[in-house]
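Below is one structure; the comments refer to it alone.
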Amino acid sequence: MSEILEVKDLSVSFDTYGSEVKAVRNVSFQLMKGETLAIVGESGSGKSVTAQSIIRLVPTPPGKFIGGEIRFNGEDLLQKSEKQMESIRGKEISMIFQDPMTSLNPTMTIGKQIAEGLMKHQNMSKKEAHLRGIQLLKLVGIPTPEVRIKQYPHQYSGGMRQRAMIAIALSCNPKILIADEPTTALDVTIQAQILELMRQIQEEMGTAIILITHDLGVVANTATRVAVMYGGKIVETGMVDEIFFEPKHPYTWGLLGSMPKLDKEQEELQVIPGSPPDLADPPTGCPFVTRCPYAMNVCGEHMPSDTSVSSTHEAACWLLDERAPKVDIPESAIVGGNDIYV
Amino acid sequence: MIKYLLKRIGYIILSLFLIITVTFILMKAAPGGPFASERASTPAIEAQMNEAYGFNDPIHEQYFSYLINAFTFDFGPSFKYVGQEVTEIIGRSFPYSLILGLEAIFIAISIGVLLGVIAAVKHNKFGDYLAMVIAVLGISVPSFIMAAILQYIFAIYLQVLPIARFESFAHTILPAAALATTPLAFIARLMRSSMLDVLNRDYIKTAKSKGLSERVVTYKHALRNAILPVVSYLGPLVVSILTGSFIIEKIFGIPGLGSEFVVSVTNRDYTVIMGTTVFFSVLLLVSILIVDLIYGLIDPRINVTSKEGNK
Ligand SMILES: Nc1ncnc2c1ncn2[C@@H]1O[C@H](COP(=O)(O)OP(=O)(O)OP(=O)(O)O)[C@@H](O)[C@H]1O
Ligand code: SF4
Ligand SMILES: [Mg+2]
């Protein structure tokens, strides 16, 4: 598979009241054609900022790009002018957001909101865009699209709005779709439908998807690869199976431990004790050091470097250093095959 | 739609009834009467006039005849200007006020919205500060002082515009500007905060993520949503322009309904007070209704025409 997007050493900060919040620190990852890369991690770990950086939607100020590259088709998106970015957003790279209730313009019909992108990127006339809009609504499973296209967002239910958002995002056949917690605000049944829709569309159109979520169940069912973020850094990446069955990073263990399991007597869900680091003043060493049960002296002072476990699997933890004591995966983080493929 | 309008008109009639009643009570409660300052009249003549105009009738009879007059919009003759019907006075003076008022509303909305949008788009930059300094000045300087300042600058110092009276379009500029100042400043501030709020909404991010240009995002997506609070302010705006006109018309010597109203109050010209009050009230209530209809047009969530919003 060939690579379509490469993020290299990306660092993004926010200037807030005298302090600099280092929301994303030296993040690197690749996205392959047609795959689904899941980015998981707790609230505030920098997932959204990473995603929005890719299409340069981070508000600057207060945000600022400290460094790094975002290579798309071999060109660095961070070097592009605002005008050049306009012809990439919505056309090459699209995004859908967490809350479908607020991410559509309430005073504009769904049809118009779909048509805008088509008219801008594909030079369609109003009429052509309208017809294409109907097709798109049909594609995302909205019944009676001829009627629905003339309606306003408040006449749609939450699930239908997210479908409409997907229609907007896919209208110009983008190469990359970034979905920032697309199902978090929806009911469980609707969640499954939306994920199924995304998978189906990916199959048909070959779109590469970056799926941001903190629901590991969603990850297991949809992702090809996973990147685990913590404290503004990616702490572990690997294929889905590697992350679920051979996790290496204590934070990933914690995440897996907090996931509900089917075949175990569930006492209480294990949550990771403690709270995430203050990104205005993160620890010099491993960001997880304050909560890690295996923390060693070296952890707080020196940043662990990315260590390859396999050709597709990397983790940044001192436990992987050959001088470190050998630690086994804790019982709570062991995942059975039935747990994840629901 | 018809049902909605009928309901609204019903409320308007109810409000009018209350307004008329309160005005009547206030007029009766205040000491003195329309003929009290009439020097030439002897007590005998005064008594005769009171009798002729029905002031000696029982209070409830007076009230009912007022009520009937008000709803048929026949207020009878003025007590002060012999031989003039109240409706004539209103018909003569209202066009001046209407032109002035519409001009002021136009100035307030167009410049106010423009300043507000500039301030929001240039948030925390020079344009923002400049627009907000203008707005704060506009809100804190009362309209009659603004009138004097404008008269001094444009009529006396620069001598480009006439200082008073109402004879041509040029005559309307200064009074309309003075009348517009406060609401303009208010609209600018309202527009700014509403625009700043809207620009942070998720759907603005969505619009940007489609690759739309800054300009399209600001004017097509943000403006229409951000203008809603300004539309709801149009009701109070009409009030502000109406009450402002009482003073401004006096300062500029314009024979409009505002000055007519002020004169009638000092004269205790009961019928004219009643007539202008009812007229102002109708004007206000109808403009509020129109504002609500406009709001419904801009914001599809407020549905006045039907209830078909099926989920
Ligand atoms: N506009 C902003 N101004 C200041 N700080 C911001 C801004 N946007 C994000 N941040 C900070 O960046 C950090 C990362 O935020 P981000 O939204 O990427 O988290 P996340 O992983 O997406 O969390 P969630 O799961 O809650 O969506 C947070 O500490 C947040 O406070
Ligand atoms: S580097 Fe140290 S603190 Fe960080 S996760 Fe590994 S063991 Fe824990
Ligand atoms: Mg987020």
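Convention: chains lettered A, B, ... in structure tokens order; per-chain residue numbering from 1; ligands numbered from 1 as shown.
Identified as lying at most 7 Å from ligand 1 when counting only C-alpha atoms and all ligand atoms are the residues Phe14, Asp15, Thr16, Val21, Ala23, Gly41, Glu42, Ser43, Gly44, Ser45, Gly46, Lys47, Ser48, Val49, Thr50, Pro59, Pro62, Gly63, His214, Gly232 and Leu279 of chain A.
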Suppose we keep N, CA, C and O atoms; can you now write the selection as an mmCIF file, in the first residue's frame?
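Once written, selection_27.cif looks like this:
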```cif
data_model
loop_
_atom_site.group_PDB
_atom_site.id
_atom_site.type_symbol
_atom_site.label_atom_id
_atom_site.label_comp_id
_atom_site.auth_asym_id
_atom_site.auth_seq_id
_atom_site.Cartn_x
_atom_site.Cartn_y
_atom_site.Cartn_z
ATOM 1 N N PHE A 14 -0.694 26.495 21.840
ATOM 2 C CA PHE A 14 -1.664 27.579 21.963
ATOM 3 C C PHE A 14 -1.160 28.581 22.977
ATOM 4 O O PHE A 14 -0.691 28.202 24.045
ATOM 5 N N ASP A 15 -1.266 29.856 22.624
ATOM 6 C CA ASP A 15 -0.919 30.894 23.587
ATOM 7 C C ASP A 15 -2.149 31.212 24.407
ATOM 8 O O ASP A 15 -3.149 31.692 23.883
ATOM 9 N N THR A 16 -2.102 30.893 25.686
ATOM 10 C CA THR A 16 -3.247 31.220 26.525
ATOM 11 C C THR A 16 -2.769 31.904 27.786
ATOM 12 O O THR A 16 -1.945 31.365 28.515
ATOM 13 N N VAL A 21 0.362 26.412 25.844
ATOM 14 C CA VAL A 21 -0.134 25.047 25.965
ATOM 15 C C VAL A 21 0.399 24.227 24.795
ATOM 16 O O VAL A 21 0.077 24.481 23.645
ATOM 17 N N ALA A 23 -0.049 21.529 22.904
ATOM 18 C CA ALA A 23 -1.129 20.566 22.680
ATOM 19 C C ALA A 23 -0.662 19.353 21.891
ATOM 20 O O ALA A 23 -1.112 18.236 22.121
ATOM 21 N N GLY A 41 -7.220 8.064 22.544
ATOM 22 C CA GLY A 41 -6.569 8.703 23.686
ATOM 23 C C GLY A 41 -7.601 9.471 24.480
ATOM 24 O O GLY A 41 -8.704 9.719 24.014
ATOM 25 N N GLU A 42 -7.195 9.804 25.710
ATOM 26 C CA GLU A 42 -8.117 10.499 26.599
ATOM 27 C C GLU A 42 -8.426 11.890 26.083
ATOM 28 O O GLU A 42 -7.739 12.421 25.216
ATOM 29 N N SER A 43 -9.435 12.481 26.711
ATOM 30 C CA SER A 43 -9.794 13.859 26.424
ATOM 31 C C SER A 43 -8.591 14.776 26.678
ATOM 32 O O SER A 43 -7.899 14.621 27.674
ATOM 33 N N GLY A 44 -8.314 15.664 25.757
ATOM 34 C CA GLY A 44 -7.225 16.616 25.943
ATOM 35 C C GLY A 44 -5.876 16.104 25.499
ATOM 36 O O GLY A 44 -4.864 16.782 25.670
ATOM 37 N N SER A 45 -5.831 14.905 24.914
ATOM 38 C CA SER A 45 -4.527 14.368 24.533
ATOM 39 C C SER A 45 -4.010 14.961 23.221
ATOM 40 O O SER A 45 -2.887 14.671 22.818
ATOM 41 N N GLY A 46 -4.828 15.766 22.544
ATOM 42 C CA GLY A 46 -4.354 16.441 21.340
ATOM 43 C C GLY A 46 -4.847 15.829 20.049
ATOM 44 O O GLY A 46 -4.351 16.165 18.970
ATOM 45 N N LYS A 47 -5.850 14.957 20.129
ATOM 46 C CA LYS A 47 -6.350 14.290 18.920
ATOM 47 C C LYS A 47 -6.961 15.290 17.943
ATOM 48 O O LYS A 47 -6.628 15.302 16.760
ATOM 49 N N SER A 48 -7.851 16.132 18.463
ATOM 50 C CA SER A 48 -8.528 17.076 17.568
ATOM 51 C C SER A 48 -7.555 18.084 16.980
ATOM 52 O O SER A 48 -7.660 18.452 15.814
ATOM 53 N N VAL A 49 -6.626 18.541 17.806
ATOM 54 C CA VAL A 49 -5.667 19.523 17.294
ATOM 55 C C VAL A 49 -4.832 18.899 16.177
ATOM 56 O O VAL A 49 -4.597 19.512 15.132
ATOM 57 N N THR A 50 -4.410 17.659 16.376
ATOM 58 C CA THR A 50 -3.660 16.967 15.325
ATOM 59 C C THR A 50 -4.489 16.912 14.038
ATOM 60 O O THR A 50 -4.012 17.261 12.955
ATOM 61 N N PRO A 59 -7.301 27.439 14.839
ATOM 62 C CA PRO A 59 -7.332 28.904 14.795
ATOM 63 C C PRO A 59 -5.975 29.492 15.190
ATOM 64 O O PRO A 59 -5.442 29.189 16.251
ATOM 65 N N PRO A 62 -5.239 31.704 18.641
ATOM 66 C CA PRO A 62 -4.163 31.502 19.614
ATOM 67 C C PRO A 62 -3.205 30.362 19.244
ATOM 68 O O PRO A 62 -2.136 30.266 19.816
ATOM 69 N N GLY A 63 -3.597 29.520 18.272
ATOM 70 C CA GLY A 63 -2.726 28.391 17.955
ATOM 71 C C GLY A 63 -1.525 28.822 17.134
ATOM 72 O O GLY A 63 -1.558 29.850 16.469
ATOM 73 N N HIS A 214 -12.539 7.856 21.372
ATOM 74 C CA HIS A 214 -11.958 7.235 22.549
ATOM 75 C C HIS A 214 -12.681 5.940 22.879
ATOM 76 O O HIS A 214 -12.558 5.412 23.960
ATOM 77 N N GLY A 232 -0.311 14.896 24.265
ATOM 78 C CA GLY A 232 0.205 15.599 23.094
ATOM 79 C C GLY A 232 1.195 14.793 22.280
ATOM 80 O O GLY A 232 1.763 15.300 21.320
ATOM 81 N N LEU A 279 -0.414 20.476 30.016
ATOM 82 C CA LEU A 279 0.317 20.654 28.754
ATOM 83 C C LEU A 279 1.043 21.996 28.670
ATOM 84 O O LEU A 279 1.837 22.221 27.768
#
```
Write out as a ChimeraX atom specification each polymer residue (protein, DNA or RNA) that has an atom no more than 7 Å from ligand 2, with only C-alpha atoms and all ligand atoms counted. /A:249-251,286-289,292-296,299-300,304,316-319
Grab the residues selected above and save them as an mmCIF file, in the first residue's frame with C-alpha atoms.
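That gives us part32.cif:
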```
data_model
loop_
_atom_site.group_PDB
_atom_site.id
_atom_site.type_symbol
_atom_site.label_atom_id
_atom_site.label_comp_id
_atom_site.auth_asym_id
_atom_site.auth_seq_id
_atom_site.Cartn_x
_atom_site.Cartn_y
_atom_site.Cartn_z
ATOM 1 C CA HIS A 249 2.919 0.808 26.369
ATOM 2 C CA PRO A 250 1.592 1.002 29.941
ATOM 3 C CA TYR A 251 -0.857 3.705 28.852
ATOM 4 C CA CYS A 286 7.655 10.459 29.535
ATOM 5 C CA PRO A 287 4.304 12.266 29.679
ATOM 6 C CA PHE A 288 2.761 9.262 31.456
ATOM 7 C CA VAL A 289 5.280 9.234 34.302
ATOM 8 C CA CYS A 292 2.481 5.006 35.328
ATOM 9 C CA PRO A 293 2.660 2.108 37.833
ATOM 10 C CA TYR A 294 5.977 0.990 36.261
ATOM 11 C CA ALA A 295 7.708 4.359 36.255
ATOM 12 C CA MET A 296 11.484 4.199 36.776
ATOM 13 C CA CYS A 299 11.291 8.010 32.916
ATOM 14 C CA GLY A 300 10.846 11.436 34.487
ATOM 15 C CA PRO A 304 11.694 7.542 25.827
ATOM 16 C CA ALA A 316 7.767 4.981 23.226
ATOM 17 C CA CYS A 317 8.465 3.505 26.638
ATOM 18 C CA TRP A 318 11.605 2.848 28.686
ATOM 19 C CA LEU A 319 10.323 -0.649 29.473
#
```
Quick one: everything within 10 Å of A:Leu139, counting only C-alpha atoms, minus sequence neighbours fewer than 2 positions away in the same chain. Send it as a PyMOL selection string. chain A and resi 133-137+141-143+145+163+166-167+197+201
Counting only C-alpha atoms, a student should be able to say which residues of chain B come within 10 Å of chain A; what is the right answer, written as a JSON list (two decimals) with all heavy atoms, in the first residue's frame?
```json
[["chain", "number", "residue", "atom", "x", "y", "z"],
["B", 200, "ASN", "N", -17.24, 31.37, 16.13],
["B", 200, "ASN", "CA", -16.65, 30.26, 16.88],
["B", 200, "ASN", "C", -17.48, 28.99, 16.83],
["B", 200, "ASN", "O", -17.14, 28.00, 17.46],
["B", 200, "ASN", "CB", -16.47, 30.66, 18.35],
["B", 200, "ASN", "CG", -15.15, 31.35, 18.55],
["B", 200, "ASN", "OD1", -14.16, 30.97, 17.93],
["B", 200, "ASN", "ND2", -15.13, 32.36, 19.39],
["B", 201, "ARG", "N", -18.61, 29.06, 16.12],
["B", 201, "ARG", "CA", -19.49, 27.90, 16.10],
["B", 201, "ARG", "C", -18.92, 26.78, 15.23],
["B", 201, "ARG", "O", -18.14, 27.03, 14.32],
["B", 201, "ARG", "CB", -20.87, 28.28, 15.55],
["B", 201, "ARG", "CG", -21.61, 29.27, 16.40],
["B", 201, "ARG", "CD", -22.20, 28.61, 17.61],
["B", 201, "ARG", "NE", -22.84, 29.60, 18.46],
["B", 201, "ARG", "CZ", -24.12, 29.95, 18.32],
["B", 201, "ARG", "NH1", -24.85, 29.42, 17.39],
["B", 201, "ARG", "NH2", -24.63, 30.85, 19.12],
["B", 202, "ASP", "N", -19.41, 25.58, 15.50],
["B", 202, "ASP", "CA", -18.95, 24.41, 14.74],
["B", 202, "ASP", "C", -19.25, 24.53, 13.25],
["B", 202, "ASP", "O", -18.44, 24.13, 12.42],
["B", 202, "ASP", "CB", -19.62, 23.14, 15.27],
["B", 202, "ASP", "CG", -19.09, 22.76, 16.64],
["B", 202, "ASP", "OD1", -18.11, 23.38, 17.07],
["B", 202, "ASP", "OD2", -19.66, 21.85, 17.27],
["B", 203, "TYR", "N", -20.42, 25.07, 12.91],
["B", 203, "TYR", "CA", -20.76, 25.08, 11.49],
["B", 203, "TYR", "C", -19.89, 26.02, 10.69],
["B", 203, "TYR", "O", -19.80, 25.90, 9.47],
["B", 203, "TYR", "CB", -22.26, 25.35, 11.26],
["B", 203, "TYR", "CG", -22.80, 26.61, 11.87],
["B", 203, "TYR", "CD1", -22.62, 27.83, 11.25],
["B", 203, "TYR", "CD2", -23.53, 26.57, 13.04],
["B", 203, "TYR", "CE1", -23.15, 28.98, 11.80],
["B", 203, "TYR", "CE2", -24.06, 27.71, 13.60],
["B", 203, "TYR", "CZ", -23.87, 28.91, 12.98],
["B", 203, "TYR", "OH", -24.39, 30.06, 13.52],
["B", 204, "ILE", "N", -19.23, 26.95, 11.37],
["B", 204, "ILE", "CA", -18.28, 27.79, 10.66],
["B", 204, "ILE", "C", -17.05, 26.96, 10.31],
["B", 204, "ILE", "O", -16.48, 27.06, 9.23],
["B", 204, "ILE", "CB", -17.90, 29.02, 11.53],
["B", 204, "ILE", "CG1", -19.12, 29.90, 11.73],
["B", 204, "ILE", "CG2", -16.75, 29.80, 10.91],
["B", 204, "ILE", "CD1", -19.72, 30.45, 10.46],
["B", 205, "LYS", "N", -16.66, 26.09, 11.26],
["B", 205, "LYS", "CA", -15.57, 25.16, 10.98],
["B", 205, "LYS", "C", -15.93, 24.26, 9.81],
["B", 205, "LYS", "O", -15.11, 24.00, 8.93],
["B", 205, "LYS", "CB", -15.29, 24.30, 12.21],
["B", 205, "LYS", "CG", -13.99, 24.71, 12.84],
["B", 205, "LYS", "CD", -13.44, 23.80, 13.87],
["B", 205, "LYS", "CE", -12.19, 24.51, 14.40],
["B", 205, "LYS", "NZ", -11.97, 24.34, 15.79],
["B", 206, "THR", "N", -17.18, 23.77, 9.82],
["B", 206, "THR", "CA", -17.63, 22.93, 8.72],
["B", 206, "THR", "C", -17.51, 23.68, 7.40],
["B", 206, "THR", "O", -17.00, 23.16, 6.41],
["B", 206, "THR", "CB", -19.10, 22.50, 8.92],
["B", 206, "THR", "OG1", -19.22, 21.89, 10.19],
["B", 206, "THR", "CG2", -19.54, 21.54, 7.85],
["B", 207, "ALA", "N", -17.98, 24.92, 7.40],
["B", 207, "ALA", "CA", -17.94, 25.72, 6.17],
["B", 207, "ALA", "C", -16.50, 25.88, 5.69],
["B", 207, "ALA", "O", -16.20, 25.73, 4.51],
["B", 207, "ALA", "CB", -18.59, 27.08, 6.41],
["B", 208, "LYS", "N", -15.59, 26.14, 6.65],
["B", 208, "LYS", "CA", -14.19, 26.28, 6.26],
["B", 208, "LYS", "C", -13.64, 24.96, 5.74],
["B", 208, "LYS", "O", -12.85, 24.94, 4.80],
["B", 208, "LYS", "CB", -13.35, 26.73, 7.46],
["B", 208, "LYS", "CG", -13.49, 28.20, 7.76],
["B", 208, "LYS", "CD", -12.52, 28.59, 8.86],
["B", 208, "LYS", "CE", -12.76, 30.01, 9.33],
["B", 208, "LYS", "NZ", -12.29, 30.21, 10.70],
["B", 209, "SER", "N", -14.07, 23.86, 6.38],
["B", 209, "SER", "CA", -13.52, 22.56, 5.98],
["B", 209, "SER", "C", -13.97, 22.17, 4.58],
["B", 209, "SER", "O", -13.43, 21.24, 3.99],
["B", 209, "SER", "CB", -13.91, 21.48, 6.99],
["B", 209, "SER", "OG", -15.24, 21.07, 6.77],
["B", 210, "LYS", "N", -14.98, 22.88, 4.05],
["B", 210, "LYS", "CA", -15.40, 22.61, 2.67],
["B", 210, "LYS", "C", -14.52, 23.34, 1.67],
["B", 210, "LYS", "O", -14.68, 23.19, 0.47],
["B", 210, "LYS", "CB", -16.84, 23.08, 2.46],
["B", 210, "LYS", "CG", -17.86, 22.18, 3.11],
["B", 210, "LYS", "CD", -19.26, 22.53, 2.65],
["B", 210, "LYS", "CE", -19.96, 23.41, 3.65],
["B", 210, "LYS", "NZ", -21.39, 23.61, 3.34],
["B", 211, "GLY", "N", -13.63, 24.20, 2.19],
["B", 211, "GLY", "CA", -12.74, 24.93, 1.30],
["B", 211, "GLY", "C", -13.31, 26.27, 0.86],
["B", 211, "GLY", "O", -12.81, 26.88, -0.06],
["B", 212, "LEU", "N", -14.37, 26.73, 1.54],
["B", 212, "LEU", "CA", -14.93, 28.03, 1.19],
["B", 212, "LEU", "C", -13.96, 29.12, 1.64],
["B", 212, "LEU", "O", -13.25, 28.96, 2.63],
["B", 212, "LEU", "CB", -16.28, 28.22, 1.86],
["B", 212, "LEU", "CG", -17.32, 27.14, 1.54],
["B", 212, "LEU", "CD1", -18.60, 27.39, 2.31],
["B", 212, "LEU", "CD2", -17.59, 27.10, 0.04],
["B", 213, "SER", "N", -13.98, 30.23, 0.91],
["B", 213, "SER", "CA", -13.05, 31.29, 1.27],
["B", 213, "SER", "C", -13.55, 32.03, 2.51],
["B", 213, "SER", "O", -14.72, 31.97, 2.86],
["B", 213, "SER", "CB", -12.91, 32.27, 0.11],
["B", 213, "SER", "OG", -14.14, 32.92, -0.10],
["B", 214, "GLU", "N", -12.62, 32.71, 3.14],
["B", 214, "GLU", "CA", -12.92, 33.51, 4.33],
["B", 214, "GLU", "C", -14.14, 34.41, 4.10],
["B", 214, "GLU", "O", -15.01, 34.54, 4.95],
["B", 214, "GLU", "CB", -11.68, 34.38, 4.60],
["B", 214, "GLU", "CG", -11.65, 35.03, 5.96],
["B", 214, "GLU", "CD", -11.25, 34.04, 7.05],
["B", 214, "GLU", "OE1", -10.34, 33.23, 6.81],
["B", 214, "GLU", "OE2", -11.86, 34.10, 8.14],
["B", 220, "LYS", "N", -21.68, 34.62, 3.95],
["B", 220, "LYS", "CA", -22.79, 33.73, 3.65],
["B", 220, "LYS", "C", -23.20, 32.88, 4.85],
["B", 220, "LYS", "O", -24.37, 32.63, 5.08],
["B", 220, "LYS", "CB", -22.44, 32.81, 2.48],
["B", 220, "LYS", "CG", -23.14, 33.26, 1.20],
["B", 220, "LYS", "CD", -22.82, 32.35, 0.04],
["B", 220, "LYS", "CE", -23.87, 31.29, -0.15],
["B", 220, "LYS", "NZ", -23.51, 30.38, -1.26],
["B", 221, "HIS", "N", -22.22, 32.45, 5.63],
["B", 221, "HIS", "CA", -22.56, 31.56, 6.74],
["B", 221, "HIS", "C", -22.72, 32.31, 8.05],
["B", 221, "HIS", "O", -23.68, 32.09, 8.78],
["B", 221, "HIS", "CB", -21.51, 30.46, 6.89],
["B", 221, "HIS", "CG", -21.64, 29.40, 5.84],
["B", 221, "HIS", "ND1", -22.30, 28.23, 6.06],
["B", 221, "HIS", "CD2", -21.22, 29.37, 4.56],
["B", 221, "HIS", "CE1", -22.27, 27.50, 4.95],
["B", 221, "HIS", "NE2", -21.62, 28.17, 4.03],
["B", 222, "ALA", "N", -21.78, 33.19, 8.35],
["B", 222, "ALA", "CA", -21.81, 33.81, 9.68],
["B", 222, "ALA", "C", -22.84, 34.94, 9.75],
["B", 222, "ALA", "O", -23.64, 35.00, 10.68],
["B", 222, "ALA", "CB", -20.43, 34.33, 10.04],
["B", 224, "ARG", "N", -25.67, 35.81, 8.33],
["B", 224, "ARG", "CA", -27.10, 35.54, 8.43],
["B", 224, "ARG", "C", -27.50, 35.05, 9.82],
["B", 224, "ARG", "O", -28.56, 35.38, 10.34],
["B", 224, "ARG", "CB", -27.48, 34.51, 7.39],
["B", 224, "ARG", "CG", -28.93, 34.21, 7.40],
["B", 224, "ARG", "CD", -29.36, 33.54, 6.14],
["B", 224, "ARG", "NE", -30.75, 33.16, 6.28],
["B", 224, "ARG", "CZ", -31.49, 32.75, 5.28],
["B", 224, "ARG", "NH1", -30.98, 32.68, 4.08],
["B", 224, "ARG", "NH2", -32.73, 32.42, 5.49],
["B", 225, "ASN", "N", -26.61, 34.26, 10.43],
["B", 225, "ASN", "CA", -26.90, 33.79, 11.78],
["B", 225, "ASN", "C", -26.65, 34.89, 12.81],
["B", 225, "ASN", "O", -27.37, 35.01, 13.79],
["B", 225, "ASN", "CB", -26.04, 32.57, 12.11],
["B", 225, "ASN", "CG", -26.50, 31.35, 11.35],
["B", 225, "ASN", "OD1", -27.53, 30.78, 11.67],
["B", 225, "ASN", "ND2", -25.76, 30.97, 10.33],
["B", 297, "LEU", "N", -38.51, 34.60, 8.68],
["B", 297, "LEU", "CA", -37.96, 34.42, 7.33],
["B", 297, "LEU", "C", -36.48, 34.06, 7.38],
["B", 297, "LEU", "O", -36.00, 33.24, 6.60],
["B", 297, "LEU", "CB", -38.11, 35.71, 6.52],
["B", 297, "LEU", "CG", -39.46, 35.96, 5.86],
["B", 297, "LEU", "CD1", -39.40, 37.23, 5.03],
["B", 297, "LEU", "CD2", -39.83, 34.78, 4.97],
["B", 298, "ILE", "N", -35.76, 34.73, 8.30],
["B", 298, "ILE", "CA", -34.30, 34.51, 8.34],
["B", 298, "ILE", "C", -33.97, 33.20, 9.05],
["B", 298, "ILE", "O", -33.08, 32.47, 8.63],
["B", 298, "ILE", "CB", -33.60, 35.68, 9.05],
["B", 298, "ILE", "CG1", -33.88, 36.97, 8.30],
["B", 298, "ILE", "CG2", -32.10, 35.44, 9.12],
["B", 298, "ILE", "CD1", -33.16, 38.16, 8.84],
["B", 299, "ASP", "N", -34.67, 32.92, 10.13],
["B", 299, "ASP", "CA", -34.35, 31.73, 10.90],
["B", 299, "ASP", "C", -35.41, 30.66, 10.69],
["B", 299, "ASP", "O", -36.51, 30.76, 11.21],
["B", 299, "ASP", "CB", -34.27, 32.09, 12.39],
["B", 299, "ASP", "CG", -33.76, 30.91, 13.20],
["B", 299, "ASP", "OD1", -33.69, 29.79, 12.64],
["B", 299, "ASP", "OD2", -33.42, 31.10, 14.37],
["B", 300, "PRO", "N", -35.09, 29.62, 9.92],
["B", 300, "PRO", "CA", -36.09, 28.61, 9.60],
["B", 300, "PRO", "C", -36.58, 27.84, 10.82],
["B", 300, "PRO", "O", -37.62, 27.19, 10.75],
["B", 300, "PRO", "CB", -35.35, 27.68, 8.63],
["B", 300, "PRO", "CG", -33.92, 27.90, 8.91],
["B", 300, "PRO", "CD", -33.78, 29.32, 9.34],
["B", 301, "ARG", "N", -35.82, 27.92, 11.93],
["B", 301, "ARG", "CA", -36.28, 27.18, 13.11],
["B", 301, "ARG", "C", -37.52, 27.82, 13.72],
["B", 301, "ARG", "O", -38.29, 27.17, 14.40],
["B", 301, "ARG", "CB", -35.15, 27.14, 14.16],
["B", 301, "ARG", "CG", -34.06, 26.17, 13.78],
["B", 301, "ARG", "CD", -32.84, 26.40, 14.61],
["B", 301, "ARG", "NE", -32.28, 27.73, 14.35],
["B", 301, "ARG", "CZ", -31.17, 28.17, 14.88],
["B", 301, "ARG", "NH1", -30.49, 27.43, 15.69],
["B", 301, "ARG", "NH2", -30.71, 29.38, 14.59],
["B", 308, "GLU", "N", -44.90, 21.92, 9.83],
["B", 308, "GLU", "CA", -44.57, 20.68, 9.15],
["B", 308, "GLU", "C", -43.20, 20.12, 9.52],
["B", 308, "GLU", "O", -42.77, 19.12, 8.97],
["B", 308, "GLU", "CB", -44.64, 20.84, 7.63],
["B", 308, "GLU", "CG", -43.98, 22.10, 7.12],
["B", 308, "GLU", "CD", -42.98, 21.89, 6.02],
["B", 308, "GLU", "OE1", -42.94, 20.79, 5.46],
["B", 308, "GLU", "OE2", -42.24, 22.83, 5.74],
["B", 309, "GLY", "N", -42.50, 20.79, 10.45],
["B", 309, "GLY", "CA", -41.13, 20.36, 10.79],
["B", 309, "GLY", "C", -41.10, 18.96, 11.37],
["B", 309, "GLY", "O", -40.95, 18.77, 12.56],
["B", 310, "ASN", "N", -41.22, 17.95, 10.52],
["B", 310, "ASN", "CA", -41.20, 16.57, 11.01],
["B", 310, "ASN", "C", -39.78, 16.07, 11.14],
["B", 310, "ASN", "O", -38.92, 16.38, 10.34],
["B", 310, "ASN", "CB", -42.01, 15.66, 10.07],
["B", 310, "ASN", "CG", -41.52, 15.77, 8.65],
["B", 310, "ASN", "OD1", -41.05, 16.83, 8.25],
["B", 310, "ASN", "ND2", -41.63, 14.70, 7.90],
["B", 311, "LYS", "N", -39.56, 15.31, 12.18],
["B", 311, "LYS", "CA", -38.19, 14.84, 12.42],
["B", 311, "LYS", "C", -37.97, 13.49, 11.78],
["B", 311, "LYS", "O", -38.83, 12.65, 11.86],
["B", 311, "LYS", "CB", -37.96, 14.76, 13.93],
["B", 311, "LYS", "CG", -37.82, 16.15, 14.50],
["B", 311, "LYS", "CD", -36.54, 16.25, 15.28],
["B", 311, "LYS", "CE", -36.16, 17.71, 15.53],
["B", 311, "LYS", "NZ", -35.06, 17.85, 16.38]]
```
Pick out the closest residue to B:Phe166 from this set: B:Ser143, B:Ser97, B:Asn267, B:Thr181. Count only C-alpha atoms. B:Ser97
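Of the listed residues (A:Met198, A:Met259, A:Ala185, A:Val271), A:Met259 comes nearest to A:Leu216; the distances count only C-alpha atoms.
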Write out as a list in words each polymer residue whose atoms come within 7 Å of A:Thr237, counting only C-alpha atoms; drop sequence neighbours fewer than 4 positions from it. Val226, Ala227, Val228, His313, Glu314 and Ala315 of chain A
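Compared by their closest atoms to ligand 3, and using only C-alpha atoms and all ligand atoms, the residues A:Leu186, A:Leu211, A:Leu170, A:Val7 rank with A:Leu211 nearest.
Put simply, atom CA of B:Ser287 is 10.0 Å away from atom CA of B:Leu237.
Atom pair atom CA of B:Phe64 / atom CA of B:Leu284 has a distance of 23.9 Å (rounded to one decimal).
In this structure, atom CA of A:Pro277 sits 23.9 Å away from atom CA of A:Val327.
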Any idea what's packed within 12 Å of stretch 24-30 of chain B, counting only C-alpha atoms, ignoring anything in its chain fewer than 4 positions away? Could you give it as a count of residues only? 29
Exercise: stretch 244-248 of chain A partners within 12 Å, only C-alpha atoms, chain neighbours under 6 positions left out, as an MDAnalysis selection string: chainID A and resid 216:217 219:221 223:228 235:238 254:257 259 306:310 313:321 326:330 333:341
